[in-house]
Protein chains: 2
Amino acid sequence: MLSSFRQHIERYQKISDEQFDAIKPYFEVHSLKKKENIQEAGQAQLYNYFILEGCLRMYTLHEKGQEITTEFALESWWLCDQKAYLGKSETDCYIQAVENSIIIRISRDKEQLLIKEQPFIQIYILEMYQKAFAAAQFRNKLFKLYSKEEIFIQFNSNFPEFVQRVPQYLIASYLGLTPEYLSEIRKKMIS
Amino acid sequence: MLSSFRQHIERYQKISDEQFDAIKPYFEVHSLKKKENIQEAGQAQLYNYFILEGCLRMYTLHEKGQEITTEFALESWWLCDQKAYLGKSETDCYIQAVENSIIIRISRDKEQLLIKEQPFIQIYILEMYQKAFAAAQFRNKLFKLYSKEEIFIQFNSNFPEFVQRVPQYLIASYLGLTPEYLSEIRKKMIS
């Protein structure tokens, strides 16, 4: 089951069987049912999640109680409220399974131990953070440059499988649109 | 002049004089006049910039030709179009001095060499990327949760010196507001 994790590491650096066995104990495997939360707002001492199978989302509550999805993660993506994770402070974000999912996770303490005790893995970890930063910075730019409607149209043409796979009301909660309005945009796109 | 760079590294890890001397050759120092661009859209083979003195901003052009500021960086901050930097692809971002500034910069090739040849510095580099990712992810959440007006009010109370220091039309171009509208918000806040 961990083979997809090893494959992901090996996209960035070759590792031996012994090295992979050495890093396994730092991670925990969990199965999640659809709509189950693995992180609740108010928790501290967070984990960084890697998706083996399925799809997760991170969301927070607007002061009016409305759910705002801040990120999605599919297979081979990492997901984490990085600010609270680094500072070991309380998060205001929930992490929920969009589908039945299998994940591995690592705590901040274990990540720091891993880096210290198995320094060969630093190359992979650094690459992950560089890519995560690039993706977050790019999303910021996108939301500054384009309207929510334009972002959905781009999203739809760049990630058609994702748009098919994830319920429309969750995509709406990511874009900050009502499900009804998103549905109207889709109708217009088809016609 | 590089002492503030060394101090910044030493917030995260202790380094010796010999180690600091060993990493210096990977970086270049540049002085910039106010409003001078050190990166132009269309450039590839980018640099990552660390501000020793002054203030820089990154901006891109909306299709209507309007400048959209995507990030600011003050003393001891790093600034870079990370996606183009990592992929050595063409950027659509300009980097400009908001004030007369002194910066150091490192190319992606040199960064990769630095990590390989001076592995002790990986701790600092990893911490920088972890923090940059956390900051970008936090900004994404902020822009999803709050209106531009609310973000300016928070910004103003969290970073009053920054708001004093940076011209108002640039803050407006960061928030996606017209300078006139930002001016109205400020008047309301005072009254």
# chains A, B, ... in the order shown; residues from 1 in each chain; ligands from 1
>>> interface_residues(of="chain B", to="chain A", cutoff="7 Å", atoms="only C-alpha atoms", output="ChimeraX atom specification")
/B:62,70,82-83,126,129-130,132-134,136-137,140-141,145
>>> write_last_selection(atoms="all heavy atoms", output="CSV table (one decimal), in the first residue's frame")
chain,number,residue,atom,x,y,z
B,62,HIS,N,-2.2,42.7,-15.6
B,62,HIS,CA,-3.5,42.2,-16.0
B,62,HIS,C,-3.7,42.3,-17.5
B,62,HIS,O,-3.0,43.2,-18.1
B,62,HIS,CB,-4.6,43.0,-15.3
B,62,HIS,CG,-6.0,42.3,-15.3
B,62,HIS,ND1,-6.9,42.6,-16.3
B,62,HIS,CD2,-6.5,41.4,-14.5
B,62,HIS,CE1,-7.9,41.9,-16.1
B,62,HIS,NE2,-7.8,41.1,-15.1
B,70,THR,N,1.7,41.3,-6.5
B,70,THR,CA,1.3,40.0,-5.9
B,70,THR,C,2.0,39.8,-4.6
B,70,THR,O,1.5,39.1,-3.7
B,70,THR,CB,1.7,38.8,-6.9
B,70,THR,OG1,3.1,39.0,-7.2
B,70,THR,CG2,0.9,38.9,-8.2
B,82,GLN,N,8.3,31.6,-7.7
B,82,GLN,CA,8.8,30.3,-7.4
B,82,GLN,C,8.5,29.3,-8.5
B,82,GLN,O,9.4,28.4,-8.8
B,82,GLN,CB,8.2,29.8,-6.1
B,82,GLN,CG,8.7,28.5,-5.5
B,82,GLN,CD,10.1,28.5,-5.1
B,82,GLN,OE1,10.7,29.6,-4.9
B,82,GLN,NE2,10.7,27.4,-4.9
B,83,LYS,N,7.4,29.4,-9.2
B,83,LYS,CA,7.0,28.4,-10.2
B,83,LYS,C,8.0,28.5,-11.4
B,83,LYS,O,8.5,27.5,-11.8
B,83,LYS,CB,5.6,28.6,-10.6
B,83,LYS,CG,5.0,27.5,-11.4
B,83,LYS,CD,3.5,27.7,-11.5
B,83,LYS,CE,2.8,26.6,-12.3
B,83,LYS,NZ,2.7,26.9,-13.8
B,126,LEU,N,15.5,24.8,4.0
B,126,LEU,CA,14.3,24.1,4.2
B,126,LEU,C,13.3,25.0,5.1
B,126,LEU,O,12.1,25.1,4.8
B,126,LEU,CB,14.5,22.7,4.9
B,126,LEU,CG,13.3,21.9,5.3
B,126,LEU,CD1,12.4,21.6,4.0
B,126,LEU,CD2,13.7,20.6,5.9
B,129,TYR,N,11.7,27.7,3.0
B,129,TYR,CA,10.6,27.3,2.2
B,129,TYR,C,9.4,26.9,3.0
B,129,TYR,O,8.3,27.1,2.6
B,129,TYR,CB,11.1,26.1,1.3
B,129,TYR,CG,11.8,26.6,0.0
B,129,TYR,CD1,13.1,26.5,-0.1
B,129,TYR,CD2,11.1,27.2,-1.0
B,129,TYR,CE1,13.8,27.0,-1.2
B,129,TYR,CE2,11.7,27.7,-2.1
B,129,TYR,CZ,13.1,27.6,-2.2
B,129,TYR,OH,13.7,28.1,-3.3
B,130,GLN,N,9.6,26.3,4.2
B,130,GLN,CA,8.4,26.0,5.0
B,130,GLN,C,7.7,27.2,5.4
B,130,GLN,O,6.5,27.3,5.4
B,130,GLN,CB,8.9,25.2,6.3
B,130,GLN,CG,9.4,23.8,5.9
B,130,GLN,CD,9.8,23.0,7.2
B,130,GLN,OE1,10.5,23.6,8.1
B,130,GLN,NE2,9.6,21.7,7.2
B,132,ALA,N,7.8,30.2,3.8
B,132,ALA,CA,7.3,30.8,2.6
B,132,ALA,C,6.0,30.2,2.3
B,132,ALA,O,5.0,30.8,1.9
B,132,ALA,CB,8.3,30.7,1.5
B,133,PHE,N,5.9,28.8,2.3
B,133,PHE,CA,4.7,28.1,2.0
B,133,PHE,C,3.6,28.5,3.0
B,133,PHE,O,2.5,28.7,2.6
B,133,PHE,CB,5.0,26.6,2.0
B,133,PHE,CG,3.8,25.7,1.9
B,133,PHE,CD1,2.7,26.0,1.0
B,133,PHE,CD2,3.6,24.6,2.7
B,133,PHE,CE1,1.6,25.2,0.9
B,133,PHE,CE2,2.5,23.8,2.6
B,133,PHE,CZ,1.5,24.1,1.7
B,134,ALA,N,3.9,28.5,4.3
B,134,ALA,CA,3.0,28.8,5.3
B,134,ALA,C,2.4,30.2,5.1
B,134,ALA,O,1.2,30.4,5.2
B,134,ALA,CB,3.6,28.7,6.7
B,136,ALA,N,2.2,31.9,2.2
B,136,ALA,CA,1.4,32.0,1.0
B,136,ALA,C,0.1,31.3,1.2
B,136,ALA,O,-0.9,31.8,0.7
B,136,ALA,CB,2.2,31.3,-0.2
B,137,GLN,N,0.1,30.2,1.9
B,137,GLN,CA,-1.1,29.5,2.2
B,137,GLN,C,-2.1,30.3,3.1
B,137,GLN,O,-3.3,30.4,2.9
B,137,GLN,CB,-0.8,28.1,2.9
B,137,GLN,CG,-1.9,27.2,3.0
B,137,GLN,CD,-1.6,26.0,3.8
B,137,GLN,OE1,-1.1,26.1,4.9
B,137,GLN,NE2,-1.9,24.8,3.3
B,140,ASN,N,-3.7,33.0,1.0
B,140,ASN,CA,-4.8,32.5,0.2
B,140,ASN,C,-6.0,32.4,1.1
B,140,ASN,O,-7.1,32.7,0.6
B,140,ASN,CB,-4.4,31.0,-0.2
B,140,ASN,CG,-3.7,31.0,-1.5
B,140,ASN,OD1,-4.0,31.7,-2.4
B,140,ASN,ND2,-2.8,30.0,-1.7
B,141,LYS,N,-5.9,31.9,2.3
B,141,LYS,CA,-7.1,31.8,3.2
B,141,LYS,C,-7.7,33.1,3.5
B,141,LYS,O,-8.9,33.3,3.4
B,141,LYS,CB,-6.6,31.1,4.5
B,141,LYS,CG,-7.8,30.7,5.4
B,141,LYS,CD,-7.3,29.7,6.4
B,141,LYS,CE,-6.4,30.3,7.4
B,141,LYS,NZ,-6.0,29.3,8.5
B,145,LEU,N,-11.5,34.4,2.9
B,145,LEU,CA,-12.4,34.6,4.0
B,145,LEU,C,-12.9,36.0,4.1
B,145,LEU,O,-14.0,36.2,4.6
B,145,LEU,CB,-11.6,34.2,5.3
B,145,LEU,CG,-11.6,32.8,5.7
B,145,LEU,CD1,-10.7,32.6,7.0
B,145,LEU,CD2,-13.0,32.2,6.0
>>> closest_residue(among="A:Gln118, A:Gln43, A:Ser191, A:Asn48", to="Phe27 (chain A)", atoms="only C-alpha atoms")
A:Asn48
>>> residues_around(residues="region 153-162 of chain B", least_positions_apart="2", cutoff="12 Å", atoms="only C-alpha atoms", output="ChimeraX atom specification")
/B:54-55,72-75,98,139,142-143,146-151,164-168,170-172,174-175,182,185-190
>>> residues_around(residues="Ala22 (chain A)", least_positions_apart="4", cutoff="10 Å", atoms="only C-alpha atoms", output="ChimeraX atom specification")
/A:16-18,26,114,117-118
>>> residues_around(residues="Ser76 (chain A)", least_positions_apart="6", cutoff="10 Å", atoms="only C-alpha atoms", output="short mmCIF file (atom, residue, chain, number, x, y, z; two decimals) with N, CA, C and O atoms, in the first residue's frame")
data_model
loop_
_atom_site.label_atom_id
_atom_site.label_comp_id
_atom_site.auth_asym_id
_atom_site.auth_seq_id
_atom_site.Cartn_x
_atom_site.Cartn_y
_atom_site.Cartn_z
N SER A 4 2.94 3.55 -3.49
CA SER A 4 2.76 4.82 -4.21
C SER A 4 3.53 5.96 -3.51
O SER A 4 3.94 6.92 -4.14
N PHE A 5 3.71 5.82 -2.19
CA PHE A 5 4.52 6.81 -1.46
C PHE A 5 5.99 6.69 -1.89
O PHE A 5 6.64 7.68 -2.19
N GLN A 7 7.09 5.45 -4.70
CA GLN A 7 7.19 5.94 -6.09
C GLN A 7 7.28 7.47 -6.12
O GLN A 7 8.00 8.05 -6.92
N HIS A 8 6.50 8.10 -5.24
CA HIS A 8 6.50 9.56 -5.20
C HIS A 8 7.86 10.10 -4.77
O HIS A 8 8.39 11.04 -5.36
N ILE A 9 8.43 9.48 -3.76
CA ILE A 9 9.78 9.90 -3.31
C ILE A 9 10.77 9.71 -4.47
O ILE A 9 11.60 10.59 -4.73
N TYR A 49 -0.41 15.46 5.81
CA TYR A 49 -1.09 14.30 5.25
C TYR A 49 -0.67 14.05 3.80
O TYR A 49 -0.64 14.99 3.01
N PHE A 50 -0.40 12.79 3.48
CA PHE A 50 -0.09 12.39 2.10
C PHE A 50 -1.17 11.41 1.67
O PHE A 50 -1.44 10.42 2.36
N ILE A 51 -1.80 11.65 0.54
CA ILE A 51 -2.94 10.84 0.11
C ILE A 51 -2.48 9.66 -0.73
O ILE A 51 -1.91 9.83 -1.80
N LEU A 52 -2.73 8.45 -0.20
CA LEU A 52 -2.43 7.22 -0.95
C LEU A 52 -3.57 6.89 -1.91
O LEU A 52 -3.34 6.53 -3.06
N GLU A 53 -4.80 7.03 -1.41
CA GLU A 53 -6.00 6.77 -2.23
C GLU A 53 -7.08 7.73 -1.82
O GLU A 53 -7.24 7.99 -0.61
N GLY A 54 -7.84 8.27 -2.78
CA GLY A 54 -8.99 9.10 -2.45
C GLY A 54 -8.72 10.59 -2.60
O GLY A 54 -7.85 11.01 -3.38
N CYS A 55 -9.45 11.36 -1.84
CA CYS A 55 -9.39 12.82 -1.96
C CYS A 55 -9.76 13.45 -0.62
O CYS A 55 -10.74 13.05 0.01
N ILE A 103 -4.71 7.45 3.84
CA ILE A 103 -3.65 8.48 3.91
C ILE A 103 -2.49 7.97 4.80
O ILE A 103 -2.68 7.06 5.61
#
>>> select_by_dssp(residues="region 4-170 of chain B", states="strand (DSSP E)", output="ChimeraX atom specification")
/B:28-32,37-39,47-53,56-61,67-73,78-79,93-97,101-107
>>> closest_residue(among="A:Ile38, A:Lys110, A:Tyr124, A:Leu46", to="Tyr94 (chain A)", atoms="only C-alpha atoms")
A:Ile38
>>> select_by_dssp(residues="chain A", states="alpha helix (DSSP H)", output="ChimeraX atom specification")
/A:3-10,17-23,82-87,108-117,122-145,148-158,160-165,168-175,179-190
>>> atom_distance(atom1="CA of Gln96 (chain A)", atom2="CA of Glu180 (chain A)")
22.9 Å
>>> residues_around(residues="Lys35 (chain B)", least_positions_apart="3", cutoff="10 Å", atoms="only C-alpha atoms", output="list in words")
Leu32, Ile38, Leu56, Arg57, Ile95, Gln96, Ala97, Val98, Glu99, Asn100 and Ser101 of chain B
>>> decode(residues="region 52-161 of chain A", atoms="C-alpha atoms", output="PDB file, in the first residue's frame")
ATOM      1  CA  LEU A  52      -2.427   7.216  -0.952  1.00  0.00           C
ATOM      2  CA  GLU A  53      -5.995   6.768  -2.233  1.00  0.00           C
ATOM      3  CA  GLY A  54      -8.987   9.102  -2.447  1.00  0.00           C
ATOM      4  CA  CYS A  55      -9.385  12.820  -1.962  1.00  0.00           C
ATOM      5  CA  LEU A  56      -9.263  15.173   1.036  1.00  0.00           C
ATOM      6  CA  ARG A  57     -10.163  18.811   1.464  1.00  0.00           C
ATOM      7  CA  MET A  58      -9.215  21.437   4.014  1.00  0.00           C
ATOM      8  CA  TYR A  59     -11.877  23.931   5.039  1.00  0.00           C
ATOM      9  CA  THR A  60     -12.508  26.630   7.580  1.00  0.00           C
ATOM     10  CA  LEU A  61     -15.663  28.333   8.809  1.00  0.00           C
ATOM     11  CA  HIS A  62     -16.522  31.878   7.848  1.00  0.00           C
ATOM     12  CA  GLU A  63     -17.851  33.959  10.732  1.00  0.00           C
ATOM     13  CA  LYS A  64     -21.324  33.447   9.255  1.00  0.00           C
ATOM     14  CA  GLY A  65     -20.819  29.670   9.710  1.00  0.00           C
ATOM     15  CA  GLN A  66     -20.374  28.982   6.017  1.00  0.00           C
ATOM     16  CA  GLU A  67     -17.716  26.391   5.030  1.00  0.00           C
ATOM     17  CA  ILE A  68     -14.875  27.780   2.913  1.00  0.00           C
ATOM     18  CA  THR A  69     -12.760  25.093   1.218  1.00  0.00           C
ATOM     19  CA  THR A  70      -9.183  26.333   1.093  1.00  0.00           C
ATOM     20  CA  GLU A  71      -7.509  23.335  -0.581  1.00  0.00           C
ATOM     21  CA  PHE A  72      -8.139  19.941  -2.142  1.00  0.00           C
ATOM     22  CA  ALA A  73      -5.647  17.059  -2.267  1.00  0.00           C
ATOM     23  CA  LEU A  74      -5.808  14.012  -4.517  1.00  0.00           C
ATOM     24  CA  GLU A  75      -3.532  10.944  -4.672  1.00  0.00           C
ATOM     25  CA  SER A  76       0.174  11.786  -4.157  1.00  0.00           C
ATOM     26  CA  TRP A  77      -0.528  15.277  -2.824  1.00  0.00           C
ATOM     27  CA  TRP A  78       0.431  16.557   0.596  1.00  0.00           C
ATOM     28  CA  LEU A  79      -2.074  18.537   2.680  1.00  0.00           C
ATOM     29  CA  CYS A  80      -1.515  20.509   5.874  1.00  0.00           C
ATOM     30  CA  ASP A  81      -2.341  23.798   7.625  1.00  0.00           C
ATOM     31  CA  GLN A  82       1.293  24.769   7.433  1.00  0.00           C
ATOM     32  CA  LYS A  83       1.248  27.816   9.732  1.00  0.00           C
ATOM     33  CA  ALA A  84      -0.298  25.934  12.663  1.00  0.00           C
ATOM     34  CA  TYR A  85       1.767  22.816  11.854  1.00  0.00           C
ATOM     35  CA  LEU A  86       5.073  24.714  11.995  1.00  0.00           C
ATOM     36  CA  GLY A  87       4.160  26.758  15.057  1.00  0.00           C
ATOM     37  CA  LYS A  88       2.422  23.836  16.832  1.00  0.00           C
ATOM     38  CA  SER A  89      -0.412  26.297  17.380  1.00  0.00           C
ATOM     39  CA  GLU A  90      -4.185  25.811  17.174  1.00  0.00           C
ATOM     40  CA  THR A  91      -5.575  25.442  13.677  1.00  0.00           C
ATOM     41  CA  ASP A  92      -8.838  26.967  12.440  1.00  0.00           C
ATOM     42  CA  CYS A  93      -9.010  24.380   9.643  1.00  0.00           C
ATOM     43  CA  TYR A  94     -10.791  21.059   9.345  1.00  0.00           C
ATOM     44  CA  ILE A  95      -9.502  18.264   7.092  1.00  0.00           C
ATOM     45  CA  GLN A  96     -12.201  16.013   5.671  1.00  0.00           C
ATOM     46  CA  ALA A  97     -12.361  13.018   3.319  1.00  0.00           C
ATOM     47  CA  VAL A  98     -14.239  13.900   0.119  1.00  0.00           C
ATOM     48  CA  GLU A  99     -14.251  10.160  -0.777  1.00  0.00           C
ATOM     49  CA  ASN A 100     -13.300   7.003   1.163  1.00  0.00           C
ATOM     50  CA  SER A 101      -9.557   7.579   1.443  1.00  0.00           C
ATOM     51  CA  ILE A 102      -6.316   6.084   2.702  1.00  0.00           C
ATOM     52  CA  ILE A 103      -3.646   8.475   3.906  1.00  0.00           C
ATOM     53  CA  ILE A 104      -0.306   8.479   5.666  1.00  0.00           C
ATOM     54  CA  ARG A 105       0.540  11.252   8.066  1.00  0.00           C
ATOM     55  CA  ILE A 106       3.510  12.585   9.978  1.00  0.00           C
ATOM     56  CA  SER A 107       3.512  14.911  13.000  1.00  0.00           C
ATOM     57  CA  ARG A 108       5.715  18.007  13.110  1.00  0.00           C
ATOM     58  CA  ASP A 109       7.826  16.415  15.896  1.00  0.00           C
ATOM     59  CA  LYS A 110       8.323  13.249  13.856  1.00  0.00           C
ATOM     60  CA  GLU A 111       9.144  15.295  10.738  1.00  0.00           C
ATOM     61  CA  GLN A 112      11.876  17.115  12.642  1.00  0.00           C
ATOM     62  CA  LEU A 113      13.227  13.802  13.958  1.00  0.00           C
ATOM     63  CA  LEU A 114      13.088  12.298  10.464  1.00  0.00           C
ATOM     64  CA  ILE A 115      15.131  15.169   9.014  1.00  0.00           C
ATOM     65  CA  LYS A 116      17.713  14.813  11.798  1.00  0.00           C
ATOM     66  CA  GLU A 117      17.949  11.039  11.931  1.00  0.00           C
ATOM     67  CA  GLN A 118      17.539  10.226   8.219  1.00  0.00           C
ATOM     68  CA  PRO A 119      19.155  13.223   6.515  1.00  0.00           C
ATOM     69  CA  PHE A 120      19.125  11.535   3.080  1.00  0.00           C
ATOM     70  CA  ILE A 121      15.374  12.321   2.901  1.00  0.00           C
ATOM     71  CA  GLN A 122      15.970  16.094   3.132  1.00  0.00           C
ATOM     72  CA  ILE A 123      16.199  16.285  -0.672  1.00  0.00           C
ATOM     73  CA  TYR A 124      12.650  14.945  -1.061  1.00  0.00           C
ATOM     74  CA  ILE A 125      11.248  17.057   1.785  1.00  0.00           C
ATOM     75  CA  LEU A 126      12.851  20.232   0.437  1.00  0.00           C
ATOM     76  CA  GLU A 127      11.464  19.534  -3.055  1.00  0.00           C
ATOM     77  CA  MET A 128       7.974  19.022  -1.577  1.00  0.00           C
ATOM     78  CA  TYR A 129       8.074  22.382   0.201  1.00  0.00           C
ATOM     79  CA  GLN A 130       9.461  24.164  -2.853  1.00  0.00           C
ATOM     80  CA  LYS A 131       6.614  22.787  -4.959  1.00  0.00           C
ATOM     81  CA  ALA A 132       3.985  23.480  -2.290  1.00  0.00           C
ATOM     82  CA  PHE A 133       5.172  27.084  -2.034  1.00  0.00           C
ATOM     83  CA  ALA A 134       5.149  27.481  -5.834  1.00  0.00           C
ATOM     84  CA  ALA A 135       1.592  26.105  -6.025  1.00  0.00           C
ATOM     85  CA  ALA A 136       0.296  28.324  -3.205  1.00  0.00           C
ATOM     86  CA  GLN A 137       1.956  31.426  -4.682  1.00  0.00           C
ATOM     87  CA  PHE A 138       0.520  30.597  -8.108  1.00  0.00           C
ATOM     88  CA  ARG A 139      -3.007  30.203  -6.648  1.00  0.00           C
ATOM     89  CA  ASN A 140      -2.651  33.595  -4.974  1.00  0.00           C
ATOM     90  CA  LYS A 141      -1.793  35.182  -8.307  1.00  0.00           C
ATOM     91  CA  LEU A 142      -4.663  33.422 -10.056  1.00  0.00           C
ATOM     92  CA  PHE A 143      -7.214  34.712  -7.534  1.00  0.00           C
ATOM     93  CA  LYS A 144      -5.802  38.232  -7.880  1.00  0.00           C
ATOM     94  CA  LEU A 145      -5.777  38.229 -11.677  1.00  0.00           C
ATOM     95  CA  TYR A 146      -9.015  36.503 -12.580  1.00  0.00           C
ATOM     96  CA  SER A 147     -12.655  36.507 -11.570  1.00  0.00           C
ATOM     97  CA  LYS A 148     -14.052  33.398  -9.881  1.00  0.00           C
ATOM     98  CA  GLU A 149     -15.916  32.572 -13.091  1.00  0.00           C
ATOM     99  CA  GLU A 150     -12.706  32.765 -15.146  1.00  0.00           C
ATOM    100  CA  ILE A 151     -10.885  30.594 -12.584  1.00  0.00           C
ATOM    101  CA  PHE A 152     -13.588  27.934 -12.827  1.00  0.00           C
ATOM    102  CA  ILE A 153     -13.369  27.917 -16.636  1.00  0.00           C
ATOM    103  CA  GLN A 154      -9.554  27.468 -16.464  1.00  0.00           C
ATOM    104  CA  PHE A 155      -9.939  24.847 -13.726  1.00  0.00           C
ATOM    105  CA  ASN A 156     -12.443  22.944 -15.807  1.00  0.00           C
ATOM    106  CA  SER A 157     -10.234  22.833 -18.876  1.00  0.00           C
ATOM    107  CA  ASN A 158      -6.987  22.086 -16.952  1.00  0.00           C
ATOM    108  CA  PHE A 159      -8.404  19.485 -14.529  1.00  0.00           C
ATOM    109  CA  PRO A 160     -11.552  17.994 -16.156  1.00  0.00           C
ATOM    110  CA  GLU A 161     -11.254  14.723 -14.176  1.00  0.00           C
TER     111      GLU A 161
END
